[in-house]
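Source file: upload.pdb. Holds: PDB, C-alpha atoms and all ligand atoms.
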```
ATOM      1  CA  MET H1182      16.191   3.033   7.914
ATOM      2  CA  SER H1183      12.681   3.906   6.837
ATOM      3  CA  ALA H1184      10.256   6.472   8.214
ATOM      4  CA  PHE H1185       6.639   7.560   7.956
ATOM      5  CA  VAL H1186       5.916  11.235   7.412
ATOM      6  CA  THR H1187       2.401  12.585   7.859
ATOM      7  CA  ILE H1188       1.530  15.025   5.095
ATOM      8  CA  GLN H1189      -2.257  15.075   5.278
ATOM      9  CA  GLU H1190      -4.994  14.425   7.828
ATOM     10  CA  GLY H1191      -8.757  14.138   7.723
ATOM     11  CA  CYS H1192     -11.136  13.290   4.923
ATOM     12  CA  TYR H1193     -14.354  14.616   3.505
ATOM     13  CA  LYS H1194     -15.256  11.679   1.285
ATOM     14  CA  PHE H1195     -17.872  10.439   3.787
ATOM     15  CA  CYS H1196     -17.842   6.773   2.879
ATOM     16  CA  THR H1197     -20.931   5.536   4.700
ATOM     17  CA  PHE H1198     -19.041   2.981   6.833
ATOM     18  CA  CYS H1199     -16.208   5.252   7.983
ATOM     19  CA  VAL H1200     -15.788   7.394  11.090
ATOM     20  CA  VAL H1201     -12.785   9.388   9.829
ATOM     21  CA  PRO H1202     -14.745  12.394   8.499
ATOM     22  CA  TYR H1203     -16.479  12.666  11.883
ATOM     23  CA  THR H1204     -13.480  12.014  14.116
ATOM     24  CA  ARG H1205     -10.697  13.712  12.131
ATOM     25  CA  GLY H1206     -12.616  16.415  10.300
ATOM     26  CA  ALA H1207     -11.978  17.924   6.898
ATOM     27  CA  GLU H1208      -8.810  17.377   4.880
ATOM     28  CA  VAL H1209      -5.804  19.395   5.992
ATOM     29  CA  SER H1210      -2.480  19.269   4.146
ATOM     30  CA  ARG H1211       0.836  20.241   5.710
ATOM     31  CA  PRO H1212       2.785  22.999   3.962
ATOM     32  CA  VAL H1213       5.377  21.731   1.496
ATOM     33  CA  ALA H1214       8.230  23.508   3.273
ATOM     34  CA  LYS H1215       7.495  21.733   6.572
ATOM     35  CA  VAL H1216       7.288  18.342   4.895
ATOM     36  CA  ILE H1217      10.565  18.931   3.044
ATOM     37  CA  ALA H1218      12.343  20.162   6.174
ATOM     38  CA  GLU H1219      11.257  17.062   8.097
ATOM     39  CA  ILE H1220      12.371  14.691   5.352
ATOM     40  CA  GLU H1221      15.711  16.473   4.923
ATOM     41  CA  ARG H1222      16.259  16.055   8.664
ATOM     42  CA  LEU H1223      15.361  12.354   8.458
ATOM     43  CA  ALA H1224      17.646  11.851   5.454
ATOM     44  CA  ARG H1225      20.546  13.444   7.322
ATOM     45  CA  ALA H1226      19.883  10.962  10.131
ATOM     46  CA  GLY H1227      20.212   8.045   7.696
ATOM     47  CA  VAL H1228      16.631   7.425   6.547
ATOM     48  CA  ARG H1229      16.652   6.014   3.014
ATOM     49  CA  GLU H1230      12.979   5.193   2.574
ATOM     50  CA  VAL H1231      10.088   7.561   3.261
ATOM     51  CA  THR H1232       6.391   6.727   3.261
ATOM     52  CA  LEU H1233       4.148   9.769   2.950
ATOM     53  CA  ILE H1234       0.989   9.112   4.917
ATOM     54  CA  GLY H1235      -2.489  10.552   5.263
ATOM     55  CA  GLN H1236      -6.046   9.329   5.671
ATOM     56  CA  ASN H1237      -6.608  10.311   2.049
ATOM     57  CA  VAL H1238      -3.019  10.997   1.065
ATOM     58  CA  ASN H1239      -3.514  11.535  -2.643
ATOM     59  CA  ALA H1240      -5.938  14.372  -1.913
ATOM     60  CA  TYR H1241      -2.844  16.265  -0.707
ATOM     61  CA  HIS H1242      -3.043  19.947  -1.625
ATOM     62  CA  GLY H1243      -0.485  21.640   0.590
ATOM     63  CA  PRO H1244       0.622  25.248   0.137
ATOM     64  CA  GLY H1245       3.941  25.395  -1.682
ATOM     65  CA  PRO H1246       6.793  27.875  -1.298
ATOM     66  CA  ASP H1247       5.755  29.419  -4.630
ATOM     67  CA  GLY H1248       2.317  30.266  -3.251
ATOM     68  CA  ALA H1249       0.630  27.578  -5.347
ATOM     69  CA  GLU H1250      -1.209  24.538  -4.060
ATOM     70  CA  TRP H1251       0.954  21.485  -4.618
ATOM     71  CA  THR H1252      -0.441  18.089  -5.567
ATOM     72  CA  LEU H1253       0.931  14.822  -4.229
ATOM     73  CA  ALA H1254       2.651  14.173  -7.555
ATOM     74  CA  ARG H1255       4.482  17.494  -7.342
ATOM     75  CA  LEU H1256       5.464  16.832  -3.729
ATOM     76  CA  ILE H1257       6.766  13.361  -4.608
ATOM     77  CA  ALA H1258       8.932  14.797  -7.387
ATOM     78  CA  ARG H1259      10.406  17.293  -4.911
ATOM     79  CA  VAL H1260      11.002  14.709  -2.180
ATOM     80  CA  ALA H1261      12.655  12.358  -4.681
ATOM     81  CA  GLY H1262      15.315  15.036  -5.173
ATOM     82  CA  ILE H1263      16.344  15.118  -1.500
ATOM     83  CA  ALA H1264      19.863  13.732  -1.078
ATOM     84  CA  GLY H1265      19.818  10.347   0.624
ATOM     85  CA  VAL H1266      16.172   9.531  -0.085
ATOM     86  CA  ALA H1267      16.272   6.473  -2.306
ATOM     87  CA  ARG H1268      12.758   5.099  -1.890
ATOM     88  CA  LEU H1269       9.329   6.682  -1.683
ATOM     89  CA  ARG H1270       5.870   5.335  -0.972
ATOM     90  CA  TYR H1271       2.506   6.871  -0.102
ATOM     91  CA  THR H1272      -0.567   5.561   1.644
ATOM     92  CA  THR H1273      -3.578   5.447   1.876
ATOM     93  CA  SER H1274      -5.110   6.465  -1.421
ATOM     94  CA  HIS H1275      -8.636   6.944  -2.683
ATOM     95  CA  PRO H1276      -9.111   5.869  -6.317
ATOM     96  CA  GLY H1277     -11.049   9.063  -7.056
ATOM     97  CA  ASP H1278      -8.046  11.246  -6.224
ATOM     98  CA  LEU H1279      -5.469   9.389  -8.296
ATOM     99  CA  ASP H1280      -4.875  11.952 -11.017
ATOM    100  CA  ASP H1281      -2.917  11.780 -14.283
ATOM    101  CA  ALA H1282       0.159  13.413 -12.768
ATOM    102  CA  LEU H1283       0.316  10.806 -10.006
ATOM    103  CA  ILE H1284       0.007   7.974 -12.524
ATOM    104  CA  ALA H1285       2.815   9.584 -14.553
ATOM    105  CA  ALA H1286       4.917   9.808 -11.372
ATOM    106  CA  HIS H1287       4.815   6.013 -11.164
ATOM    107  CA  ARG H1288       6.318   5.943 -14.657
ATOM    108  CA  ASP H1289       8.823   8.770 -14.311
ATOM    109  CA  ILE H1290      10.171   8.726 -10.735
ATOM    110  CA  PRO H1291      12.392   5.712 -10.088
ATOM    111  CA  ALA H1292      12.405   6.332  -6.336
ATOM    112  CA  LEU H1293       8.644   5.798  -6.226
ATOM    113  CA  MET H1294       8.410   2.107  -5.378
ATOM    114  CA  PRO H1295       6.372  -0.161  -7.663
ATOM    115  CA  CYS H1296       3.875  -0.991  -4.964
ATOM    116  CA  LEU H1297       0.546   0.749  -4.387
ATOM    117  CA  HIS H1298      -2.166   0.232  -1.782
ATOM    118  CA  LEU H1299      -5.400   1.262  -3.480
ATOM    119  CA  PRO H1300      -8.533   0.369  -1.498
ATOM    120  CA  VAL H1301     -11.548  -0.667  -3.576
ATOM    121  CA  GLN H1302     -13.736  -2.217  -0.818
ATOM    122  CA  SER H1303     -16.128  -4.024  -3.197
ATOM    123  CA  GLY H1304     -16.455  -5.130  -6.808
ATOM    124  CA  SER H1305     -20.184  -4.416  -6.969
ATOM    125  CA  ASP H1306     -21.418  -1.089  -8.305
ATOM    126  CA  GLY H1307     -24.493  -1.327  -6.086
ATOM    127  CA  VAL H1308     -22.404  -1.782  -2.957
ATOM    128  CA  LEU H1309     -19.899   0.899  -4.030
ATOM    129  CA  ALA H1310     -22.803   3.333  -4.414
ATOM    130  CA  ALA H1311     -24.228   2.349  -1.018
ATOM    131  CA  MET H1312     -20.757   2.917   0.443
ATOM    132  CA  ASN H1313     -20.630   6.347  -1.250
ATOM    133  CA  ARG H1314     -17.251   5.454  -2.684
ATOM    134  CA  ARG H1315     -17.766   7.817  -5.638
ATOM    135  CA  HIS H1316     -16.294   5.418  -8.196
ATOM    136  CA  SER H1317     -17.536   2.359 -10.053
ATOM    137  CA  ARG H1318     -16.031  -1.066 -10.639
ATOM    138  CA  ALA H1319     -15.220   0.012 -14.214
ATOM    139  CA  ASP H1320     -13.524   3.189 -12.948
ATOM    140  CA  TYR H1321     -11.280   1.113 -10.687
ATOM    141  CA  LEU H1322     -10.425  -1.384 -13.426
ATOM    142  CA  GLU H1323      -9.583   1.439 -15.807
ATOM    143  CA  LEU H1324      -7.387   3.077 -13.189
ATOM    144  CA  VAL H1325      -5.510  -0.175 -12.605
ATOM    145  CA  ALA H1326      -4.994  -0.587 -16.351
ATOM    146  CA  ARG H1327      -3.577   2.928 -16.630
ATOM    147  CA  LEU H1328      -1.296   2.399 -13.616
ATOM    148  CA  ARG H1329      -0.017  -0.867 -15.040
ATOM    149  CA  ALA H1330       0.560   0.740 -18.424
ATOM    150  CA  ALA H1331       2.626   3.422 -16.679
ATOM    151  CA  ARG H1332       4.492   0.975 -14.455
ATOM    152  CA  PRO H1333       4.161  -2.641 -15.656
ATOM    153  CA  ASP H1334       5.804  -4.119 -12.544
ATOM    154  CA  LEU H1335       3.421  -2.305 -10.185
ATOM    155  CA  ALA H1336       2.151  -4.556  -7.378
ATOM    156  CA  LEU H1337      -1.291  -3.668  -6.085
ATOM    157  CA  THR H1338      -2.760  -4.249  -2.660
ATOM    158  CA  SER H1339      -6.219  -3.267  -1.494
ATOM    159  CA  ASP H1340      -8.867  -3.231   1.246
ATOM    160  CA  PHE H1341     -12.160  -5.110   1.148
ATOM    161  CA  ILE H1342     -15.275  -5.075   3.278
ATOM    162  CA  VAL H1343     -17.561  -8.097   2.926
ATOM    163  CA  GLY H1344     -21.126  -8.251   4.177
ATOM    164  CA  PHE H1345     -21.804  -4.538   3.797
ATOM    165  CA  PRO H1346     -25.521  -3.816   4.402
ATOM    166  CA  GLY H1347     -27.486  -4.924   1.352
ATOM    167  CA  GLU H1348     -24.637  -7.002  -0.124
ATOM    168  CA  SER H1349     -26.204  -9.977  -1.931
ATOM    169  CA  ASP H1350     -24.492 -13.188  -3.026
ATOM    170  CA  ASP H1351     -24.340 -11.704  -6.509
ATOM    171  CA  ASP H1352     -22.670  -8.539  -5.178
ATOM    172  CA  PHE H1353     -20.091 -10.649  -3.377
ATOM    173  CA  ARG H1354     -19.432 -12.666  -6.564
ATOM    174  CA  LYS H1355     -18.601  -9.368  -8.253
ATOM    175  CA  THR H1356     -15.967  -8.710  -5.595
ATOM    176  CA  VAL H1357     -14.513 -12.171  -6.199
ATOM    177  CA  THR H1358     -14.387 -11.661  -9.961
ATOM    178  CA  LEU H1359     -12.782  -8.245  -9.524
ATOM    179  CA  VAL H1360     -10.038  -9.825  -7.393
ATOM    180  CA  GLU H1361      -9.586 -12.609  -9.947
ATOM    181  CA  GLN H1362      -9.395 -10.094 -12.763
ATOM    182  CA  ILE H1363      -6.819  -7.811 -11.129
ATOM    183  CA  GLY H1364      -4.576 -10.206  -9.212
ATOM    184  CA  PHE H1365      -3.408  -8.570  -5.993
ATOM    185  CA  ALA H1366      -0.076  -8.926  -4.224
ATOM    186  CA  GLY H1367      -1.985  -8.831  -0.928
ATOM    187  CA  ALA H1368      -5.010  -7.241   0.711
ATOM    188  CA  PHE H1369      -6.693  -6.484   4.004
ATOM    189  CA  SER H1370     -10.210  -7.839   4.176
ATOM    190  CA  PHE H1371     -12.778  -7.526   6.926
ATOM    191  CA  LYS H1372     -16.358  -8.379   7.767
ATOM    192  CA  TYR H1373     -18.496  -5.242   7.822
ATOM    193  CA  SER H1374     -18.709  -3.970  11.369
ATOM    194  CA  ALA H1375     -21.101  -1.120  12.197
ATOM    195  CA  ARG H1376     -19.476   2.076  13.406
ATOM    196  CA  PRO H1377     -21.942   4.049  15.554
ATOM    197  CA  GLY H1378     -22.976   7.339  13.998
ATOM    198  CA  THR H1379     -22.177   6.344  10.427
ATOM    199  CA  PRO H1380     -25.012   6.022   7.869
ATOM    200  CA  ALA H1381     -24.341   2.346   7.156
ATOM    201  CA  ALA H1382     -24.750   1.406  10.819
ATOM    202  CA  SER H1383     -28.501   2.025  10.619
ATOM    203  CA  ALA H1384     -28.968   0.942   6.982
ATOM    204  CA  ALA H1385     -31.454  -1.751   6.039
ATOM    205  CA  GLY H1386     -30.240  -5.166   4.909
ATOM    206  CA  GLN H1387     -27.661  -5.900   7.598
ATOM    207  CA  VAL H1388     -26.008  -9.199   6.604
ATOM    208  CA  PRO H1389     -26.041 -12.102   9.118
ATOM    209  CA  GLU H1390     -22.686 -12.864  10.752
ATOM    210  CA  ASP H1391     -22.437 -16.428   9.414
ATOM    211  CA  ILE H1392     -22.839 -15.198   5.840
ATOM    212  CA  LYS H1393     -20.217 -12.498   6.384
ATOM    213  CA  ALA H1394     -17.851 -15.092   7.849
ATOM    214  CA  GLY H1395     -18.292 -17.448   4.893
ATOM    215  CA  ARG H1396     -17.666 -14.665   2.380
ATOM    216  CA  LEU H1397     -14.596 -13.500   4.265
ATOM    217  CA  ARG H1398     -13.145 -17.025   4.304
ATOM    218  CA  GLU H1399     -13.613 -17.360   0.572
ATOM    219  CA  LEU H1400     -12.140 -13.944  -0.204
ATOM    220  CA  GLN H1401      -9.161 -14.397   2.098
ATOM    221  CA  ALA H1402      -8.381 -17.811   0.600
ATOM    222  CA  LEU H1403      -8.350 -16.254  -2.860
ATOM    223  CA  ILE H1404      -6.154 -13.351  -1.771
ATOM    224  CA  GLU H1405      -3.740 -15.649   0.065
ATOM    225  CA  HIS H1406      -3.455 -17.715  -3.097
ATOM    226  CA  GLN H1407      -2.711 -14.580  -5.143
ATOM    227  CA  GLN H1408      -0.172 -13.361  -2.584
ATOM    228  CA  ALA H1409       1.620 -16.730  -2.629
ATOM    229  CA  ALA H1410       1.672 -16.653  -6.437
ATOM    230  CA  PHE H1411       3.065 -13.128  -6.392
ATOM    231  CA  ASN H1412       5.811 -14.130  -3.952
ATOM    232  CA  ALA H1413       6.599 -17.241  -5.991
ATOM    233  CA  ARG H1414       7.152 -15.115  -9.084
ATOM    234  CA  THR H1415      10.028 -13.356  -7.304
ATOM    235  CA  LEU H1416      11.963 -16.632  -6.934
ATOM    236  CA  GLY H1417      15.226 -16.377  -8.863
ATOM    237  CA  THR H1418      14.848 -12.645  -9.470
ATOM    238  CA  THR H1419      17.179  -9.956  -8.120
ATOM    239  CA  PHE H1420      15.987  -6.683  -6.644
ATOM    240  CA  ASP H1421      17.162  -4.058  -4.193
ATOM    241  CA  VAL H1422      16.462  -4.654  -0.518
ATOM    242  CA  LEU H1423      16.706  -2.054   2.235
ATOM    243  CA  LEU H1424      18.277  -3.925   5.152
ATOM    244  CA  GLU H1425      16.534  -2.809   8.345
ATOM    245  CA  LYS H1426      17.399  -5.005  11.325
ATOM    246  CA  THR H1427      18.882  -8.227  12.583
ATOM    247  CA  GLY H1428      16.881 -11.395  12.028
ATOM    248  CA  ARG H1429      15.962 -14.363  14.201
ATOM    249  CA  TYR H1430      19.240 -16.160  13.637
ATOM    250  CA  PRO H1431      22.876 -15.122  14.126
ATOM    251  CA  GLY H1432      24.213 -13.461  10.980
ATOM    252  CA  GLN H1433      20.747 -12.946   9.540
ATOM    253  CA  LEU H1434      19.393  -9.529   8.516
ATOM    254  CA  VAL H1435      15.859  -8.636   7.523
ATOM    255  CA  GLY H1436      14.955  -6.019   4.953
ATOM    256  CA  ARG H1437      12.162  -4.976   2.635
ATOM    257  CA  SER H1438      11.810  -5.591  -1.066
ATOM    258  CA  PRO H1439      10.476  -2.865  -3.387
ATOM    259  CA  TYR H1440       7.108  -4.628  -2.917
ATOM    260  CA  LEU H1441       7.307  -4.453   0.907
ATOM    261  CA  GLN H1442       7.938  -8.169   1.301
ATOM    262  CA  PRO H1443      10.182  -9.074   4.262
ATOM    263  CA  VAL H1444      13.449 -10.481   2.896
ATOM    264  CA  ASN H1445      15.921 -12.499   5.007
ATOM    265  CA  VAL H1446      19.595 -12.568   4.041
ATOM    266  CA  MET H1447      22.844 -13.575   5.670
ATOM    267  CA  ALA H1448      25.024 -10.467   5.922
ATOM    268  CA  ASN H1449      27.088  -8.481   8.395
ATOM    269  CA  ALA H1450      25.173  -6.198  10.728
ATOM    270  CA  GLU H1451      27.163  -3.248   9.397
ATOM    271  CA  ALA H1452      25.005  -3.491   6.282
ATOM    272  CA  ILE H1453      21.901  -2.407   8.212
ATOM    273  CA  GLY H1454      20.598   0.762   6.596
ATOM    274  CA  GLU H1455      22.039  -0.083   3.191
ATOM    275  CA  ILE H1456      20.161  -0.913   0.014
ATOM    276  CA  VAL H1457      21.702  -3.994  -1.571
ATOM    277  CA  PRO H1458      20.802  -6.219  -4.520
ATOM    278  CA  VAL H1459      19.404  -9.553  -3.376
ATOM    279  CA  THR H1460      18.621 -12.642  -5.408
ATOM    280  CA  VAL H1461      15.605 -14.524  -4.036
ATOM    281  CA  THR H1462      16.453 -18.166  -3.418
ATOM    282  CA  ALA H1463      13.627 -19.481  -1.235
ATOM    283  CA  LEU H1464      10.186 -18.622   0.105
ATOM    284  CA  SER H1465       8.257 -19.182   3.300
ATOM    285  CA  ALA H1466       4.621 -18.372   4.012
ATOM    286  CA  ASN H1467       5.252 -14.728   4.827
ATOM    287  CA  SER H1468       8.754 -13.841   3.727
ATOM    288  CA  LEU H1469      11.496 -14.340   1.184
ATOM    289  CA  PHE H1470      15.048 -15.602   1.576
ATOM    290  CA  GLY H1471      17.908 -14.504  -0.591
ATOM    291  CA  THR H1472      21.604 -13.955  -1.092
ATOM    292  CA  VAL H1473      23.294 -10.585  -1.286
ATOM    293  CA  ALA H1474      25.201  -9.824  -4.457
ATOM    294  CA  THR H1475      27.580  -7.251  -2.986
ATOM    295  CA  PRO H1476      31.202  -6.657  -2.073
ATOM    296  CA  SER H1477      32.720  -9.183   0.286
ATOM    297  CA  ARG H1478      32.648  -6.844   3.295
ATOM    298  CA  LEU H1479      28.927  -7.590   3.584
ATOM    299  CA  ALA H1480      29.409 -11.325   3.428
ATOM    300  CA  ALA H1481      28.197 -13.119   6.500
ATOM    301  CA  ALA H1482      29.543 -16.101   8.323
ATOM    302  CA  PRO H1483      28.213 -19.414   6.977
ATOM    303  CA  ALA H1484      24.471 -19.700   7.465
ATOM    304  CA  LEU H1485      23.435 -21.248  10.767
ATOM    305  CA  CYS H1486      19.851 -21.695   9.721
ATOM    306  CA  PRO H1487      18.387 -23.136   6.566
ATOM    307  CA  ALA H1488      16.571 -20.775   4.254
ATOM    308  CA  GLY H1489      12.880 -21.133   4.836
ATOM    309  CA  ALA H1490      13.201 -21.730   8.584
TER     310      ALA H1490
HETATM  311  S1  LIG H1501     -11.933   7.875   1.745
HETATM  312 FE1  LIG H1501     -11.086   6.574   3.382
HETATM  313  S2  LIG H1501     -10.858   7.939   5.160
HETATM  314 FE2  LIG H1501     -12.228   8.977   3.708
HETATM  315  S3  LIG H1501     -14.291   8.433   4.365
HETATM  316 FE3  LIG H1501     -13.696   6.940   2.799
HETATM  317  S4  LIG H1501     -12.775   5.212   3.940
HETATM  318 FE4  LIG H1501     -12.881   6.969   5.342
END
```

Now that the file is in, can you turn its structure into structure tokens?
Ligand code: SF4
Amino acid sequence: MSAFVTIQEGCYKFCTFCVVPYTRGAEVSRPVAKVIAEIERLARAGVREVTLIGQNVNAYHGPGPDGAEWTLARLIARVAGIAGVARLRYTTSHPGDLDDALIAAHRDIPALMPCLHLPVQSGSDGVLAAMNRRHSRADYLELVARLRAARPDLALTSDFIVGFPGESDDDFRKTVTLVEQIGFAGAFSFKYSARPGTPAASAAGQVPEDIKAGRLRELQALIEHQQAAFNARTLGTTFDVLLEKTGRYPGQLVGRSPYLQPVNVMANAEAIGEIVPVTVTALSANSLFGTVATPSRLAAAPALCPAGA
């Protein structure tokens, strides 16, 4: 089983397109002791994977039992020591709050999964400034390089907004080249949509809908291509999968790879909740298929459906 645990709420970054600072208020972090108690309870109930969540989760600065303010990196190290917790994730992060200790955590804490959602929104410095993102394209690229140096198998996903007010064709090209340069395992991308009360909603240079739509199509095609390439690279490899539920077909279970890909295997239902090594044998558009390399008690009846169905 996996679970989400809220550790932080609110945000004071004031990106010019976002309502969170107005609707959720300033950043508030839960005390370490409360977070730990909740996760210990979840672990006793069989949860093996925990995702720490917050609007700006890596700005976490909760009061610790020692009276100090704990960072997210320190909290992750503590949570990784809880018996039963085998996998950790956190989301959603702001690049400006990804400090050295958190990068080192990706290198040093095996339970921290090699998969990070790190929104960038645009590859253009002009648009990033208009968004008040507080980082540049070069800052983001440098951060990615440092993360990949710390954890070479790290898969990155991101968020993009196309057609932000004032975004020119040249600005959009910079987003495309950023995506080409980094190579994402997936991303969420959207046309800019005005949120009443935010600065960008009344900004000059609103981009016509047909131009936004064309840019979104191009960006999504590129990201889909990168995602398919990322999935294809897993073919023939073996990694641990947390089996979560029964699948569409009798004898089939569905789990998650370290990179959050859905993985279908044939195995007994008693294996639900276990983390098992799986060798990827086939791909479909949105998921992987594999075989479990485990003791025979997990073996399933002969497959009733072809891999890739
Ligand atoms: S950092 Fe995220 S939550 Fe905070 S204002 Fe920007 S987009 Fe909104």

Throw together the list of residues within 10 Å of ligand LIG 1501 (chain H), counting only C-alpha atoms and all ligand atoms, and drop it here as an NGL selection string. :H and (1190-1203 or 1205-1208 or 1235-1238 or 1240 or 1273-1278 or 1300-1302 or 1312-1315 or 1340)

Restricted to C-alpha atoms, what would the selected residues look like written as a short mmCIF file (atom, residue, chain, number, x, y, z; two decimals), in the frame of the given file?
```cif
data_model
loop_
_atom_site.label_atom_id
_atom_site.label_comp_id
_atom_site.auth_asym_id
_atom_site.auth_seq_id
_atom_site.Cartn_x
_atom_site.Cartn_y
_atom_site.Cartn_z
CA GLU H 1190 -4.99 14.42 7.83
CA GLY H 1191 -8.76 14.14 7.72
CA CYS H 1192 -11.14 13.29 4.92
CA TYR H 1193 -14.35 14.62 3.50
CA LYS H 1194 -15.26 11.68 1.28
CA PHE H 1195 -17.87 10.44 3.79
CA CYS H 1196 -17.84 6.77 2.88
CA THR H 1197 -20.93 5.54 4.70
CA PHE H 1198 -19.04 2.98 6.83
CA CYS H 1199 -16.21 5.25 7.98
CA VAL H 1200 -15.79 7.39 11.09
CA VAL H 1201 -12.78 9.39 9.83
CA PRO H 1202 -14.74 12.39 8.50
CA TYR H 1203 -16.48 12.67 11.88
CA ARG H 1205 -10.70 13.71 12.13
CA GLY H 1206 -12.62 16.42 10.30
CA ALA H 1207 -11.98 17.92 6.90
CA GLU H 1208 -8.81 17.38 4.88
CA GLY H 1235 -2.49 10.55 5.26
CA GLN H 1236 -6.05 9.33 5.67
CA ASN H 1237 -6.61 10.31 2.05
CA VAL H 1238 -3.02 11.00 1.06
CA ALA H 1240 -5.94 14.37 -1.91
CA THR H 1273 -3.58 5.45 1.88
CA SER H 1274 -5.11 6.46 -1.42
CA HIS H 1275 -8.64 6.94 -2.68
CA PRO H 1276 -9.11 5.87 -6.32
CA GLY H 1277 -11.05 9.06 -7.06
CA ASP H 1278 -8.05 11.25 -6.22
CA PRO H 1300 -8.53 0.37 -1.50
CA VAL H 1301 -11.55 -0.67 -3.58
CA GLN H 1302 -13.74 -2.22 -0.82
CA MET H 1312 -20.76 2.92 0.44
CA ASN H 1313 -20.63 6.35 -1.25
CA ARG H 1314 -17.25 5.45 -2.68
CA ARG H 1315 -17.77 7.82 -5.64
CA ASP H 1340 -8.87 -3.23 1.25
#
```

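Put simply, atom CA of Leu1299 of chain H is 15.3 Å away from atom CA of Asp1281 of chain H.
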
Applied to the shown file, which residues does the PyMOL selection byres (((chain H and resi 1367) around 10) and not hetatm) return, written as a VMD selection string? chain H and resid 1298 1336 to 1340 1364 to 1366 1368 to 1370 1401 1403 to 1409 1411 to 1412

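This file gives the following result for the PyMOL selection byres (((chain H and resi 1183) around 6) and not hetatm): H:Met1182, H:Ala1184, H:Val1228, H:Arg1229, H:Glu1230, H:Val1231.
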
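In terms of minimum interatomic distance to Glu1451 of chain H, H:Gly1432 ranks closest within H:Gly1347, H:Gly1432, H:Gly1245, H:Gly1307, counting all atoms listed in the file.
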
What does the PyMOL selection byres (((chain H and resi 1453-1456) around 6) and not hetatm) select in this file, as a ChimeraX atom specification? /H:1182,1422-1425,1450-1452,1457

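Residue nearest Gln1387 of chain H within the list H:Val1343, H:Ala1466, H:Ala1326, H:Ala1258: H:Val1343 [criterion: smallest interatomic distance, all atoms listed in the file].
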
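Minimum distance to Val1357 of chain H across H:Tyr1430, H:Tyr1241, H:Phe1341, H:Phe1371 (counting all atoms listed in the file) occurs at H:Phe1341.
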
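Nearest to Lys1372 of chain H of all the residues H:Ala1264, H:Leu1397, H:Val1435, H:Leu1279 is H:Leu1397, counting only C-alpha atoms.
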
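Distances from H:Ile1363, H:Leu1253, H:Leu1297, H:Val1444 to Ala1463 of chain H were compared using all atoms listed in the file, and the smallest one belongs to H:Val1444.
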
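The space between atom CA of Leu1233 of chain H and atom CA of Ala1261 of chain H spans 11.7 Å.
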
How would segment 1252-1261 of chain H read, as a PDB file, in the coordinates of the input, once N, CA, C and O atoms are built in?
```
ATOM      1  N   THR H1252       0.191  19.407  -5.592  1.00  0.00           N
ATOM      2  CA  THR H1252      -0.441  18.089  -5.567  1.00  0.00           C
ATOM      3  C   THR H1252       0.546  17.079  -4.975  1.00  0.00           C
ATOM      4  O   THR H1252       1.743  17.367  -4.802  1.00  0.00           O
ATOM      5  N   LEU H1253       0.040  15.875  -4.729  1.00  0.00           N
ATOM      6  CA  LEU H1253       0.931  14.822  -4.229  1.00  0.00           C
ATOM      7  C   LEU H1253       2.015  14.505  -5.255  1.00  0.00           C
ATOM      8  O   LEU H1253       3.177  14.289  -4.892  1.00  0.00           O
ATOM      9  N   ALA H1254       1.652  14.483  -6.526  1.00  0.00           N
ATOM     10  CA  ALA H1254       2.651  14.173  -7.555  1.00  0.00           C
ATOM     11  C   ALA H1254       3.796  15.189  -7.523  1.00  0.00           C
ATOM     12  O   ALA H1254       4.977  14.826  -7.624  1.00  0.00           O
ATOM     13  N   ARG H1255       3.440  16.456  -7.362  1.00  0.00           N
ATOM     14  CA  ARG H1255       4.482  17.494  -7.342  1.00  0.00           C
ATOM     15  C   ARG H1255       5.345  17.342  -6.089  1.00  0.00           C
ATOM     16  O   ARG H1255       6.569  17.493  -6.142  1.00  0.00           O
ATOM     17  N   LEU H1256       4.707  17.027  -4.972  1.00  0.00           N
ATOM     18  CA  LEU H1256       5.464  16.832  -3.729  1.00  0.00           C
ATOM     19  C   LEU H1256       6.413  15.640  -3.859  1.00  0.00           C
ATOM     20  O   LEU H1256       7.579  15.710  -3.451  1.00  0.00           O
ATOM     21  N   ILE H1257       5.924  14.550  -4.445  1.00  0.00           N
ATOM     22  CA  ILE H1257       6.766  13.361  -4.608  1.00  0.00           C
ATOM     23  C   ILE H1257       7.996  13.691  -5.457  1.00  0.00           C
ATOM     24  O   ILE H1257       9.116  13.274  -5.142  1.00  0.00           O
ATOM     25  N   ALA H1258       7.796  14.432  -6.524  1.00  0.00           N
ATOM     26  CA  ALA H1258       8.932  14.797  -7.387  1.00  0.00           C
ATOM     27  C   ALA H1258       9.959  15.602  -6.600  1.00  0.00           C
ATOM     28  O   ALA H1258      11.170  15.404  -6.750  1.00  0.00           O
ATOM     29  N   ARG H1259       9.486  16.477  -5.722  1.00  0.00           N
ATOM     30  CA  ARG H1259      10.406  17.293  -4.911  1.00  0.00           C
ATOM     31  C   ARG H1259      11.131  16.430  -3.885  1.00  0.00           C
ATOM     32  O   ARG H1259      12.346  16.563  -3.698  1.00  0.00           O
ATOM     33  N   VAL H1260      10.392  15.556  -3.219  1.00  0.00           N
ATOM     34  CA  VAL H1260      11.002  14.709  -2.180  1.00  0.00           C
ATOM     35  C   VAL H1260      12.021  13.758  -2.807  1.00  0.00           C
ATOM     36  O   VAL H1260      13.069  13.471  -2.212  1.00  0.00           O
ATOM     37  N   ALA H1261      11.728  13.285  -4.015  1.00  0.00           N
ATOM     38  CA  ALA H1261      12.655  12.358  -4.681  1.00  0.00           C
ATOM     39  C   ALA H1261      14.010  13.004  -4.934  1.00  0.00           C
ATOM     40  O   ALA H1261      15.014  12.307  -5.108  1.00  0.00           O
TER      41      ALA H1261
END
```
